[in-house]
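Structure data (PDB, C-alpha atoms, pLDDT in the B column) from model_2.pdb:
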```
ATOM      1  CA  MET A  28      37.998  -2.542 -38.831  1.00 36.00           C
ATOM      2  CA  THR A  29      41.497  -2.648 -40.219  1.00 38.00           C
ATOM      3  CA  LYS A  30      42.701   0.220 -42.312  1.00 37.00           C
ATOM      4  CA  VAL A  31      44.652  -0.802 -45.373  1.00 36.00           C
ATOM      5  CA  CYS A  32      46.923   1.807 -46.836  1.00 34.00           C
ATOM      6  CA  PRO A  33      46.274   1.954 -50.598  1.00 31.00           C
ATOM      7  CA  PHE A  34      49.874   2.194 -51.739  1.00 32.00           C
ATOM      8  CA  LEU A  35      51.198  -0.656 -49.635  1.00 34.00           C
ATOM      9  CA  ILE A  36      51.095  -3.526 -52.085  1.00 34.00           C
ATOM     10  CA  PRO A  37      50.155  -6.868 -50.541  1.00 37.00           C
ATOM     11  CA  VAL A  38      52.842  -9.507 -50.843  1.00 42.00           C
ATOM     12  CA  HIS A  39      52.395 -13.230 -51.100  1.00 41.00           C
ATOM     13  CA  SER A  40      55.022 -14.192 -48.584  1.00 39.00           C
ATOM     14  CA  LEU A  41      53.577 -12.142 -45.754  1.00 49.00           C
ATOM     15  CA  LEU A  42      49.873 -12.582 -46.212  1.00 45.00           C
ATOM     16  CA  ASP A  43      49.051 -11.424 -42.714  1.00 46.00           C
ATOM     17  CA  TRP A  44      50.492  -8.042 -43.423  1.00 48.00           C
ATOM     18  CA  GLN A  45      47.688  -7.227 -45.814  1.00 48.00           C
ATOM     19  CA  VAL A  46      45.395  -6.703 -42.892  1.00 47.00           C
ATOM     20  CA  ALA A  47      47.567  -6.274 -39.844  1.00 54.00           C
ATOM     21  CA  GLN A  48      49.884  -3.284 -39.865  1.00 63.00           C
ATOM     22  CA  HIS A  49      50.849  -2.712 -36.278  1.00 67.00           C
ATOM     23  CA  TYR A  50      53.819  -0.424 -36.187  1.00 80.00           C
ATOM     24  CA  THR A  51      53.485   0.597 -32.556  1.00 80.00           C
ATOM     25  CA  LEU A  52      56.536  -1.448 -31.605  1.00 83.00           C
ATOM     26  CA  PHE A  53      57.701  -3.007 -34.859  1.00 86.00           C
ATOM     27  CA  PRO A  54      60.178  -0.612 -36.495  1.00 90.00           C
ATOM     28  CA  LEU A  55      58.406   1.060 -39.387  1.00 89.00           C
ATOM     29  CA  ALA A  56      61.527   1.726 -41.463  1.00 91.00           C
ATOM     30  CA  LEU A  57      62.463  -1.941 -41.356  1.00 93.00           C
ATOM     31  CA  GLY A  58      58.894  -3.129 -41.879  1.00 91.00           C
ATOM     32  CA  GLN A  59      58.504  -1.104 -45.039  1.00 89.00           C
ATOM     33  CA  ILE A  60      61.690  -2.555 -46.494  1.00 92.00           C
ATOM     34  CA  LEU A  61      60.633  -6.103 -45.638  1.00 91.00           C
ATOM     35  CA  ARG A  62      57.266  -5.544 -47.208  1.00 88.00           C
ATOM     36  CA  GLU A  63      58.581  -3.892 -50.347  1.00 89.00           C
ATOM     37  CA  TYR A  64      61.057  -6.644 -51.154  1.00 90.00           C
ATOM     38  CA  ALA A  65      58.774  -9.398 -49.859  1.00 89.00           C
ATOM     39  CA  VAL A  66      61.336 -10.792 -47.463  1.00 92.00           C
ATOM     40  CA  THR A  67      60.160 -13.722 -45.378  1.00 92.00           C
ATOM     41  CA  GLU A  68      63.231 -14.040 -43.202  1.00 94.00           C
ATOM     42  CA  LEU A  69      66.221 -11.748 -42.772  1.00 96.00           C
ATOM     43  CA  HIS A  70      69.457 -11.944 -40.805  1.00 96.00           C
ATOM     44  CA  LEU A  71      71.873  -9.058 -40.800  1.00 96.00           C
ATOM     45  CA  SER A  72      74.932  -8.859 -38.597  1.00 95.00           C
ATOM     46  CA  LEU A  73      77.575  -6.149 -38.403  1.00 95.00           C
ATOM     47  CA  ASN A  74      80.553  -7.229 -36.343  1.00 94.00           C
ATOM     48  CA  ALA A  75      83.913  -5.701 -35.506  1.00 93.00           C
ATOM     49  CA  GLY A  76      86.896  -7.834 -34.562  1.00 92.00           C
ATOM     50  CA  LYS A  77      87.610 -11.517 -34.760  1.00 93.00           C
ATOM     51  CA  TRP A  78      85.773 -13.825 -32.400  1.00 95.00           C
ATOM     52  CA  ASN A  79      88.299 -15.651 -30.218  1.00 94.00           C
ATOM     53  CA  TYR A  80      86.778 -19.097 -29.804  1.00 95.00           C
ATOM     54  CA  ASP A  81      89.635 -20.325 -27.593  1.00 95.00           C
ATOM     55  CA  ALA A  82      89.194 -17.600 -25.003  1.00 94.00           C
ATOM     56  CA  TRP A  83      85.472 -16.855 -25.261  1.00 94.00           C
ATOM     57  CA  GLY A  84      83.914 -20.165 -26.252  1.00 94.00           C
ATOM     58  CA  TYR A  85      80.914 -20.211 -28.510  1.00 95.00           C
ATOM     59  CA  PRO A  86      78.835 -17.044 -28.905  1.00 94.00           C
ATOM     60  CA  GLU A  87      75.209 -16.743 -27.865  1.00 91.00           C
ATOM     61  CA  GLU A  88      74.363 -15.480 -31.340  1.00 91.00           C
ATOM     62  CA  PRO A  89      76.009 -17.665 -33.969  1.00 90.00           C
ATOM     63  CA  GLY A  90      76.624 -14.964 -36.585  1.00 89.00           C
ATOM     64  CA  VAL A  91      80.020 -13.583 -35.503  1.00 93.00           C
ATOM     65  CA  SER A  92      81.830 -13.326 -38.816  1.00 93.00           C
ATOM     66  CA  THR A  93      83.948 -10.198 -39.178  1.00 93.00           C
ATOM     67  CA  GLY A  94      82.269  -7.341 -41.012  1.00 93.00           C
ATOM     68  CA  ALA A  95      78.824  -7.526 -42.543  1.00 94.00           C
ATOM     69  CA  GLU A  96      76.810 -10.652 -43.179  1.00 95.00           C
ATOM     70  CA  LEU A  97      73.353 -10.732 -44.695  1.00 96.00           C
ATOM     71  CA  TRP A  98      71.147 -13.659 -45.545  1.00 96.00           C
ATOM     72  CA  VAL A  99      67.511 -13.697 -46.488  1.00 96.00           C
ATOM     73  CA  TRP A 100      64.791 -16.097 -47.524  1.00 95.00           C
ATOM     74  CA  MET A 101      62.473 -14.779 -50.196  1.00 92.00           C
ATOM     75  CA  GLY A 102      59.564 -16.274 -52.069  1.00 88.00           C
ATOM     76  CA  GLU A 103      59.832 -16.371 -55.838  1.00 84.00           C
ATOM     77  CA  SER A 104      57.800 -14.230 -58.235  1.00 67.00           C
ATOM     78  CA  VAL A 105      56.132 -11.647 -56.117  1.00 50.00           C
ATOM     79  CA  PRO A 106      54.258  -9.036 -58.121  1.00 52.00           C
ATOM     80  CA  THR A 107      54.607  -5.466 -56.925  1.00 49.00           C
ATOM     81  CA  SER A 108      53.993  -2.161 -58.621  1.00 48.00           C
ATOM     82  CA  SER A 109      56.364   0.573 -59.657  1.00 45.00           C
ATOM     83  CA  VAL A 110      54.529   2.938 -57.304  1.00 44.00           C
ATOM     84  CA  SER A 111      55.775   1.037 -54.280  1.00 50.00           C
ATOM     85  CA  LEU A 112      59.350   1.252 -55.568  1.00 48.00           C
ATOM     86  CA  LEU A 113      59.113   5.021 -55.404  1.00 45.00           C
ATOM     87  CA  ILE A 114      57.909   4.766 -51.845  1.00 45.00           C
ATOM     88  CA  VAL A 115      60.746   2.547 -50.718  1.00 47.00           C
ATOM     89  CA  SER A 116      63.364   4.839 -52.191  1.00 48.00           C
ATOM     90  CA  SER A 117      61.912   7.683 -50.176  1.00 46.00           C
ATOM     91  CA  VAL A 118      61.849   5.401 -47.155  1.00 49.00           C
ATOM     92  CA  ALA A 119      65.531   4.647 -47.590  1.00 50.00           C
ATOM     93  CA  HIS A 120      66.368   8.298 -47.949  1.00 49.00           C
ATOM     94  CA  GLY A 121      64.271   9.316 -44.979  1.00 49.00           C
ATOM     95  CA  SER A 122      66.010   6.918 -42.642  1.00 52.00           C
ATOM     96  CA  LEU A 123      69.530   8.005 -43.556  1.00 47.00           C
ATOM     97  CA  GLN A 124      71.362   9.044 -40.473  1.00 43.00           C
ATOM     98  CA  GLY A 125      72.235  12.706 -40.230  1.00 38.00           C
TER      99      GLY A 125
ATOM    100  CA  MET B  19      51.838  -5.159 -62.537  1.00 42.00           C
ATOM    101  CA  VAL B  20      55.574  -5.709 -62.730  1.00 57.00           C
ATOM    102  CA  VAL B  21      57.114  -8.936 -61.508  1.00 58.00           C
ATOM    103  CA  TYR B  22      60.451  -8.534 -59.772  1.00 73.00           C
ATOM    104  CA  ARG B  23      62.534 -11.638 -59.623  1.00 86.00           C
ATOM    105  CA  VAL B  24      64.430 -12.777 -56.536  1.00 91.00           C
ATOM    106  CA  ASP B  25      67.776 -11.386 -57.668  1.00 91.00           C
ATOM    107  CA  GLN B  26      66.346  -7.979 -58.467  1.00 91.00           C
ATOM    108  CA  ARG B  27      64.686  -7.823 -55.067  1.00 92.00           C
ATOM    109  CA  TRP B  28      67.891  -9.040 -53.408  1.00 94.00           C
ATOM    110  CA  GLN B  29      69.749  -6.155 -55.000  1.00 93.00           C
ATOM    111  CA  GLY B  30      67.083  -3.666 -53.964  1.00 93.00           C
ATOM    112  CA  LEU B  31      67.053  -5.035 -50.427  1.00 94.00           C
ATOM    113  CA  ARG B  32      70.831  -4.652 -50.095  1.00 94.00           C
ATOM    114  CA  ASN B  33      70.648  -1.042 -51.159  1.00 93.00           C
ATOM    115  CA  ALA B  34      67.704  -0.316 -48.875  1.00 95.00           C
ATOM    116  CA  LEU B  35      69.467  -1.870 -45.877  1.00 95.00           C
ATOM    117  CA  ALA B  36      72.654  -0.013 -46.757  1.00 93.00           C
ATOM    118  CA  GLY B  37      70.675   3.203 -46.547  1.00 92.00           C
ATOM    119  CA  LEU B  38      68.955   2.184 -43.349  1.00 93.00           C
ATOM    120  CA  PHE B  39      72.070   1.106 -41.465  1.00 92.00           C
ATOM    121  CA  CYS B  40      74.553   3.489 -43.086  1.00 89.00           C
ATOM    122  CA  ALA B  41      76.628   0.463 -44.058  1.00 89.00           C
ATOM    123  CA  SER B  42      78.238  -0.269 -47.397  1.00 87.00           C
ATOM    124  CA  LEU B  43      76.014  -3.281 -47.953  1.00 86.00           C
ATOM    125  CA  GLY B  44      75.607  -2.118 -51.541  1.00 80.00           C
ATOM    126  CA  HIS B  45      79.004  -3.705 -52.118  1.00 85.00           C
ATOM    127  CA  LEU B  46      77.486  -7.094 -51.381  1.00 87.00           C
ATOM    128  CA  ASP B  47      77.092  -7.591 -55.104  1.00 86.00           C
ATOM    129  CA  GLU B  48      76.442 -10.679 -57.200  1.00 88.00           C
ATOM    130  CA  GLN B  49      80.067 -11.745 -56.931  1.00 90.00           C
ATOM    131  CA  ARG B  50      79.706 -12.086 -53.172  1.00 92.00           C
ATOM    132  CA  THR B  51      76.277 -13.681 -53.263  1.00 94.00           C
ATOM    133  CA  THR B  52      75.793 -17.389 -52.739  1.00 94.00           C
ATOM    134  CA  ALA B  53      72.808 -19.571 -51.928  1.00 95.00           C
ATOM    135  CA  PRO B  54      73.914 -22.283 -49.465  1.00 95.00           C
ATOM    136  CA  ALA B  55      70.343 -23.223 -48.636  1.00 94.00           C
ATOM    137  CA  LEU B  56      71.204 -26.290 -46.537  1.00 94.00           C
ATOM    138  CA  THR B  57      73.600 -24.396 -44.273  1.00 94.00           C
ATOM    139  CA  PHE B  58      71.325 -21.434 -43.641  1.00 94.00           C
ATOM    140  CA  GLN B  59      68.000 -23.054 -42.961  1.00 94.00           C
ATOM    141  CA  PRO B  60      65.146 -20.702 -42.053  1.00 94.00           C
ATOM    142  CA  GLU B  61      64.677 -20.173 -38.317  1.00 93.00           C
ATOM    143  CA  GLY B  62      61.000 -19.409 -38.680  1.00 90.00           C
ATOM    144  CA  SER B  63      58.476 -20.931 -41.025  1.00 89.00           C
ATOM    145  CA  LEU B  64      58.174 -20.253 -44.723  1.00 88.00           C
ATOM    146  CA  PRO B  65      54.621 -19.469 -45.810  1.00 82.00           C
ATOM    147  CA  ASN B  66      53.193 -22.257 -47.872  1.00 75.00           C
ATOM    148  CA  PHE B  67      52.357 -20.759 -51.222  1.00 66.00           C
ATOM    149  CA  THR B  68      52.568 -21.616 -54.887  1.00 71.00           C
ATOM    150  CA  TYR B  69      56.154 -20.516 -55.461  1.00 78.00           C
ATOM    151  CA  PRO B  70      59.182 -21.940 -53.650  1.00 88.00           C
ATOM    152  CA  HIS B  71      61.440 -19.862 -51.414  1.00 91.00           C
ATOM    153  CA  GLN B  72      65.035 -19.043 -52.175  1.00 93.00           C
ATOM    154  CA  LEU B  73      68.036 -18.140 -50.038  1.00 95.00           C
ATOM    155  CA  ARG B  74      70.516 -15.360 -50.723  1.00 95.00           C
ATOM    156  CA  HIS B  75      73.632 -14.973 -48.612  1.00 96.00           C
ATOM    157  CA  ALA B  76      76.534 -12.536 -48.765  1.00 95.00           C
ATOM    158  CA  THR B  77      79.372 -11.410 -46.519  1.00 94.00           C
ATOM    159  CA  LEU B  78      81.587  -8.348 -46.570  1.00 93.00           C
ATOM    160  CA  PRO B  79      84.525  -8.824 -44.164  1.00 92.00           C
ATOM    161  CA  SER B  80      85.979  -5.391 -44.924  1.00 89.00           C
ATOM    162  CA  GLU B  81      82.935  -3.582 -43.535  1.00 89.00           C
ATOM    163  CA  HIS B  82      83.906  -1.357 -40.609  1.00 86.00           C
ATOM    164  CA  VAL B  83      81.321  -1.237 -37.859  1.00 86.00           C
ATOM    165  CA  CYS B  84      81.159   2.004 -35.936  1.00 83.00           C
ATOM    166  CA  THR B  85      78.830   4.476 -34.230  1.00 82.00           C
ATOM    167  CA  GLU B  86      77.232   5.390 -37.525  1.00 85.00           C
ATOM    168  CA  ASN B  87      75.794   1.862 -37.620  1.00 90.00           C
ATOM    169  CA  LEU B  88      74.773   1.808 -33.967  1.00 92.00           C
ATOM    170  CA  THR B  89      72.661   4.969 -34.179  1.00 92.00           C
ATOM    171  CA  PRO B  90      70.304   3.642 -36.905  1.00 93.00           C
ATOM    172  CA  PHE B  91      70.174   0.343 -34.992  1.00 94.00           C
ATOM    173  CA  LEU B  92      68.995   2.183 -31.868  1.00 93.00           C
ATOM    174  CA  LYS B  93      66.507   4.120 -33.966  1.00 92.00           C
ATOM    175  CA  LEU B  94      64.651   0.863 -34.596  1.00 93.00           C
ATOM    176  CA  LEU B  95      63.772   0.732 -30.912  1.00 91.00           C
ATOM    177  CA  PRO B  96      60.642   2.593 -29.789  1.00 88.00           C
ATOM    178  CA  CYS B  97      62.546   4.682 -27.222  1.00 89.00           C
ATOM    179  CA  LYS B  98      66.006   4.393 -28.794  1.00 89.00           C
ATOM    180  CA  SER B  99      68.567   4.068 -26.005  1.00 89.00           C
ATOM    181  CA  ARG B 100      66.609   6.127 -23.508  1.00 92.00           C
ATOM    182  CA  SER B 101      64.849   3.275 -21.795  1.00 89.00           C
ATOM    183  CA  GLY B 102      65.297  -0.309 -20.676  1.00 89.00           C
ATOM    184  CA  ILE B 103      68.277  -2.493 -21.369  1.00 90.00           C
ATOM    185  CA  ALA B 104      69.132  -0.441 -24.461  1.00 91.00           C
ATOM    186  CA  SER B 105      70.226   2.393 -22.184  1.00 93.00           C
ATOM    187  CA  LEU B 106      73.349   0.299 -21.540  1.00 91.00           C
ATOM    188  CA  LEU B 107      74.364   0.728 -25.165  1.00 91.00           C
ATOM    189  CA  ASN B 108      76.833   3.528 -24.592  1.00 89.00           C
ATOM    190  CA  PRO B 109      78.818   3.976 -27.837  1.00 89.00           C
ATOM    191  CA  HIS B 110      82.056   4.965 -26.083  1.00 88.00           C
ATOM    192  CA  ARG B 111      82.095   1.788 -24.015  1.00 86.00           C
ATOM    193  CA  LEU B 112      80.857  -0.487 -26.787  1.00 88.00           C
ATOM    194  CA  PHE B 113      83.346   0.547 -29.406  1.00 84.00           C
ATOM    195  CA  ASP B 114      86.196   0.142 -26.929  1.00 86.00           C
ATOM    196  CA  ALA B 115      85.317  -3.514 -26.465  1.00 90.00           C
ATOM    197  CA  ASP B 116      87.571  -6.361 -27.544  1.00 91.00           C
ATOM    198  CA  TRP B 117      84.804  -7.525 -29.828  1.00 93.00           C
ATOM    199  CA  HIS B 118      81.358  -6.190 -30.583  1.00 93.00           C
ATOM    200  CA  GLY B 119      78.613  -6.851 -33.044  1.00 93.00           C
ATOM    201  CA  LEU B 120      75.002  -5.996 -33.727  1.00 93.00           C
ATOM    202  CA  GLY B 121      72.386  -8.092 -35.429  1.00 95.00           C
ATOM    203  CA  VAL B 122      68.909  -7.751 -36.873  1.00 95.00           C
ATOM    204  CA  HIS B 123      66.934 -10.949 -37.218  1.00 95.00           C
ATOM    205  CA  VAL B 124      63.488 -11.150 -38.748  1.00 94.00           C
ATOM    206  CA  ARG B 125      61.505 -14.333 -39.027  1.00 92.00           C
ATOM    207  CA  PHE B 126      57.973 -15.249 -39.917  1.00 90.00           C
ATOM    208  CA  GLN B 127      56.099 -17.664 -37.736  1.00 87.00           C
ATOM    209  CA  GLU B 128      52.877 -19.305 -38.727  1.00 85.00           C
ATOM    210  CA  ALA B 129      49.929 -18.088 -36.629  1.00 82.00           C
ATOM    211  CA  VAL B 130      52.211 -15.697 -34.719  1.00 83.00           C
ATOM    212  CA  GLY B 131      53.319 -13.161 -37.292  1.00 83.00           C
ATOM    213  CA  VAL B 132      56.541 -11.417 -38.109  1.00 87.00           C
ATOM    214  CA  GLU B 133      59.084 -11.251 -35.317  1.00 89.00           C
ATOM    215  CA  VAL B 134      62.066  -8.928 -35.214  1.00 92.00           C
ATOM    216  CA  ARG B 135      64.935  -9.560 -32.844  1.00 93.00           C
ATOM    217  CA  LEU B 136      67.657  -6.966 -32.331  1.00 94.00           C
ATOM    218  CA  THR B 137      70.854  -8.289 -30.817  1.00 94.00           C
ATOM    219  CA  PHE B 138      74.028  -6.702 -29.541  1.00 93.00           C
ATOM    220  CA  GLN B 139      76.995  -8.734 -28.362  1.00 93.00           C
ATOM    221  CA  GLY B 140      80.190  -7.439 -26.852  1.00 92.00           C
ATOM    222  CA  VAL B 141      83.283  -8.893 -25.217  1.00 93.00           C
ATOM    223  CA  PHE B 142      84.671  -6.503 -22.647  1.00 90.00           C
ATOM    224  CA  ASP B 143      87.878  -6.511 -20.679  1.00 87.00           C
ATOM    225  CA  PRO B 144      87.130  -4.955 -17.276  1.00 83.00           C
ATOM    226  CA  VAL B 145      90.769  -5.181 -16.228  1.00 82.00           C
ATOM    227  CA  ARG B 146      91.836  -2.970 -19.087  1.00 78.00           C
ATOM    228  CA  TYR B 147      89.341  -0.330 -17.936  1.00 73.00           C
ATOM    229  CA  SER B 148      90.387  -0.348 -14.282  1.00 71.00           C
ATOM    230  CA  ASN B 149      93.027   2.011 -12.900  1.00 69.00           C
ATOM    231  CA  GLU B 150      95.108  -0.790 -11.480  1.00 65.00           C
ATOM    232  CA  LYS B 151      95.640  -2.469 -14.859  1.00 60.00           C
ATOM    233  CA  ARG B 152      96.578  -5.748 -13.231  1.00 60.00           C
ATOM    234  CA  ARG B 153      96.093  -8.241 -15.967  1.00 57.00           C
ATOM    235  CA  GLY B 154      97.213 -11.796 -15.408  1.00 53.00           C
TER     236      GLY B 154
END
```
Go ahead and express the file in the form of structure tokens.
Amino acid sequence: MTKVCPFLIPVHSLLDWQVAQHYTLFPLALGQILREYAVTELHLSLNAGKWNYDAWGYPEEPGVSTGAELWVWMGESVPTSSVSLLIVSSVAHGSLQG
Amino acid sequence: MVVYRVDQRWQGLRNALAGLFCASLGHLDEQRTTAPALTFQPEGSLPNFTYPHQLRHATLPSEHVCTENLTPFLKLLPCKSRSGIASLLNPHRLFDADWHGLGVHVRFQEAVGVEVRLTFQGVFDPVRYSNEKRRG
């Protein structure tokens, strides 16, 4: 029997998440953000310095641009409720580093 | 029910990630946002539903990466940096590297689920650290 939390609004793009919410290993803070904004795929990289292709060759991970880079794939028109927006703002505040 | 469009969610996501990683990703505004969908093809699968998927991409070269970004990154791990390979992530060593970068990659795979991959890359110069300092 899977427990579904009432205020976690199901999203179209991640249908499986309606039933399966295993946060034993998956980071909860990140999972809640992905769910709230119905993100299907996300890539975030924070890099310092300029990658020296001549000396170091090609990197194992391709995203080596200096600074921050973020790209996401999202499905269009996902209905959510204003209740879940409140929750995500508290999520964001709770995970701020002290 | 309120319907949030892609651009509204993209804005909300930037702010949420900025809070999570203590980075100024909030500055990744509309002026820095593009949608080069052919260049940044999805690594996983896109669920097949009624509405199409859209890409949003933004870069912020002036972002400074430091310990304040590494700590929230380590917090995503179940045991932070206390166990496993993550125990090698010593901030003093990492931020002295010639180059370093962290990455968070999430993809959805049909019949598998949602996969998160946390990456850290660094280019170190062992000669610079040694007492001899004999660099060629």
**Report entry** Counting all atoms listed in the file, the residue of B:Ala34, B:Leu92, B:Leu136, B:Cys97 that sits nearest chain A
**Finding:**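 Comparing B:Ala34, B:Leu92, B:Leu136, B:Cys97 against chain A, the winner is B:Ala34.
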Query raised in the report: Which residue gives the smallest distance to Asn87 of chain B among A:Glu87, A:Leu97, A:Glu103, A:Asn74, with all atoms listed in the file counted?
Result: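 Of A:Glu87, A:Leu97, A:Glu103, A:Asn74, the one nearest Asn87 of chain B, counting all atoms listed in the file, is A:Asn74.
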Expand the ChimeraX specification (/A :<7) & /B into the individual residues it matches in the shown file, reporting them as an mmCIF file with C-alpha atoms, keeping the file's coordinate frame.
```cif
data_model
loop_
_atom_site.group_PDB
_atom_site.id
_atom_site.type_symbol
_atom_site.label_atom_id
_atom_site.label_comp_id
_atom_site.auth_asym_id
_atom_site.auth_seq_id
_atom_site.Cartn_x
_atom_site.Cartn_y
_atom_site.Cartn_z
ATOM 1 C CA MET B 19 51.838 -5.159 -62.537
ATOM 2 C CA VAL B 20 55.574 -5.709 -62.730
ATOM 3 C CA VAL B 21 57.114 -8.936 -61.508
ATOM 4 C CA TYR B 22 60.451 -8.534 -59.772
ATOM 5 C CA ARG B 23 62.534 -11.638 -59.623
ATOM 6 C CA VAL B 24 64.430 -12.777 -56.536
ATOM 7 C CA ARG B 27 64.686 -7.823 -55.067
ATOM 8 C CA LEU B 31 67.053 -5.035 -50.427
ATOM 9 C CA ALA B 34 67.704 -0.316 -48.875
ATOM 10 C CA GLY B 37 70.675 3.203 -46.547
ATOM 11 C CA LEU B 38 68.955 2.184 -43.349
ATOM 12 C CA CYS B 40 74.553 3.489 -43.086
ATOM 13 C CA LEU B 64 58.174 -20.253 -44.723
ATOM 14 C CA PRO B 65 54.621 -19.469 -45.810
ATOM 15 C CA TYR B 69 56.154 -20.516 -55.461
ATOM 16 C CA PRO B 70 59.182 -21.940 -53.650
ATOM 17 C CA HIS B 71 61.440 -19.862 -51.414
ATOM 18 C CA GLN B 72 65.035 -19.043 -52.175
ATOM 19 C CA LEU B 73 68.036 -18.140 -50.038
ATOM 20 C CA ARG B 74 70.516 -15.360 -50.723
ATOM 21 C CA HIS B 75 73.632 -14.973 -48.612
ATOM 22 C CA ALA B 76 76.534 -12.536 -48.765
ATOM 23 C CA THR B 77 79.372 -11.410 -46.519
ATOM 24 C CA LEU B 78 81.587 -8.348 -46.570
ATOM 25 C CA PRO B 79 84.525 -8.824 -44.164
ATOM 26 C CA SER B 80 85.979 -5.391 -44.924
ATOM 27 C CA GLU B 81 82.935 -3.582 -43.535
ATOM 28 C CA HIS B 82 83.906 -1.357 -40.609
ATOM 29 C CA VAL B 83 81.321 -1.237 -37.859
ATOM 30 C CA PRO B 90 70.304 3.642 -36.905
ATOM 31 C CA LEU B 94 64.651 0.863 -34.596
ATOM 32 C CA LEU B 95 63.772 0.732 -30.912
ATOM 33 C CA PRO B 96 60.642 2.593 -29.789
ATOM 34 C CA TRP B 117 84.804 -7.525 -29.828
ATOM 35 C CA HIS B 118 81.358 -6.190 -30.583
ATOM 36 C CA GLY B 119 78.613 -6.851 -33.044
ATOM 37 C CA LEU B 120 75.002 -5.996 -33.727
ATOM 38 C CA GLY B 121 72.386 -8.092 -35.429
ATOM 39 C CA VAL B 122 68.909 -7.751 -36.873
ATOM 40 C CA HIS B 123 66.934 -10.949 -37.218
ATOM 41 C CA VAL B 124 63.488 -11.150 -38.748
ATOM 42 C CA ARG B 125 61.505 -14.333 -39.027
ATOM 43 C CA PHE B 126 57.973 -15.249 -39.917
#
```
Report summary line: Atom pair atom CA of Gly140 of chain B + atom CA of Ala115 of chain B, distance 6.5 Å
Query raised in the report: What is the atom CA of Leu112 of chain B-atom CA of Arg135 of chain B distance in Å, reported with one decimal?
Result: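 Computing the Euclidean distance for atom CA of Leu112 of chain B and atom CA of Arg135 of chain B yields 19.3 Å.
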Query - Nearest residue to Ile103 of chain B from the set B:Gln26, B:Asn33, B:Ser42, B:Thr137 (distances using all atoms listed in the file) - result: B:Thr137
**Report entry** Separation of atom CA of Asp25 of chain B from atom CA of Arg50 of chain B in Å
**Finding:** 12.8 Å
Place all heavy atoms on segment 57-61 of chain B and deliver the coordinates as an mmCIF file, in the coordinates of the input.
```
data_model
loop_
_atom_site.group_PDB
_atom_site.id
_atom_site.type_symbol
_atom_site.label_atom_id
_atom_site.label_comp_id
_atom_site.auth_asym_id
_atom_site.auth_seq_id
_atom_site.Cartn_x
_atom_site.Cartn_y
_atom_site.Cartn_z
ATOM 1 N N THR B 57 72.870 -24.918 -45.434
ATOM 2 C CA THR B 57 73.600 -24.396 -44.273
ATOM 3 C C THR B 57 72.774 -23.358 -43.521
ATOM 4 O O THR B 57 72.770 -23.325 -42.293
ATOM 5 C CB THR B 57 74.919 -23.753 -44.724
ATOM 6 O OG1 THR B 57 75.550 -24.647 -45.623
ATOM 7 C CG2 THR B 57 75.834 -23.499 -43.561
ATOM 8 N N PHE B 58 72.093 -22.503 -44.267
ATOM 9 C CA PHE B 58 71.325 -21.434 -43.641
ATOM 10 C C PHE B 58 69.836 -21.727 -43.749
ATOM 11 O O PHE B 58 69.120 -21.103 -44.524
ATOM 12 C CB PHE B 58 71.681 -20.086 -44.287
ATOM 13 C CG PHE B 58 73.106 -19.680 -44.039
ATOM 14 C CD1 PHE B 58 74.097 -20.019 -44.938
ATOM 15 C CD2 PHE B 58 73.438 -18.994 -42.895
ATOM 16 C CE1 PHE B 58 75.419 -19.657 -44.702
ATOM 17 C CE2 PHE B 58 74.753 -18.623 -42.656
ATOM 18 C CZ PHE B 58 75.746 -18.950 -43.555
ATOM 19 N N GLN B 59 69.417 -22.688 -42.986
ATOM 20 C CA GLN B 59 68.000 -23.054 -42.961
ATOM 21 C C GLN B 59 67.191 -21.966 -42.257
ATOM 22 O O GLN B 59 67.685 -21.336 -41.325
ATOM 23 C CB GLN B 59 67.829 -24.392 -42.225
ATOM 24 C CG GLN B 59 68.266 -25.590 -43.042
ATOM 25 C CD GLN B 59 67.332 -25.891 -44.195
ATOM 26 O OE1 GLN B 59 66.141 -26.115 -44.005
ATOM 27 N NE2 GLN B 59 67.846 -25.868 -45.419
ATOM 28 N N PRO B 60 65.955 -21.746 -42.704
ATOM 29 C CA PRO B 60 65.146 -20.702 -42.053
ATOM 30 C C PRO B 60 64.873 -21.019 -40.587
ATOM 31 O O PRO B 60 64.634 -22.176 -40.235
ATOM 32 C CB PRO B 60 63.855 -20.700 -42.872
ATOM 33 C CG PRO B 60 63.859 -21.975 -43.629
ATOM 34 C CD PRO B 60 65.276 -22.356 -43.843
ATOM 35 N N GLU B 61 64.949 -19.983 -39.749
ATOM 36 C CA GLU B 61 64.677 -20.173 -38.317
ATOM 37 C C GLU B 61 63.185 -20.199 -38.051
ATOM 38 O O GLU B 61 62.711 -20.870 -37.148
ATOM 39 C CB GLU B 61 65.322 -19.052 -37.511
ATOM 40 C CG GLU B 61 66.822 -19.212 -37.381
ATOM 41 C CD GLU B 61 67.459 -18.091 -36.581
ATOM 42 O OE1 GLU B 61 66.720 -17.309 -35.959
ATOM 43 O OE2 GLU B 61 68.700 -18.004 -36.602
#
```
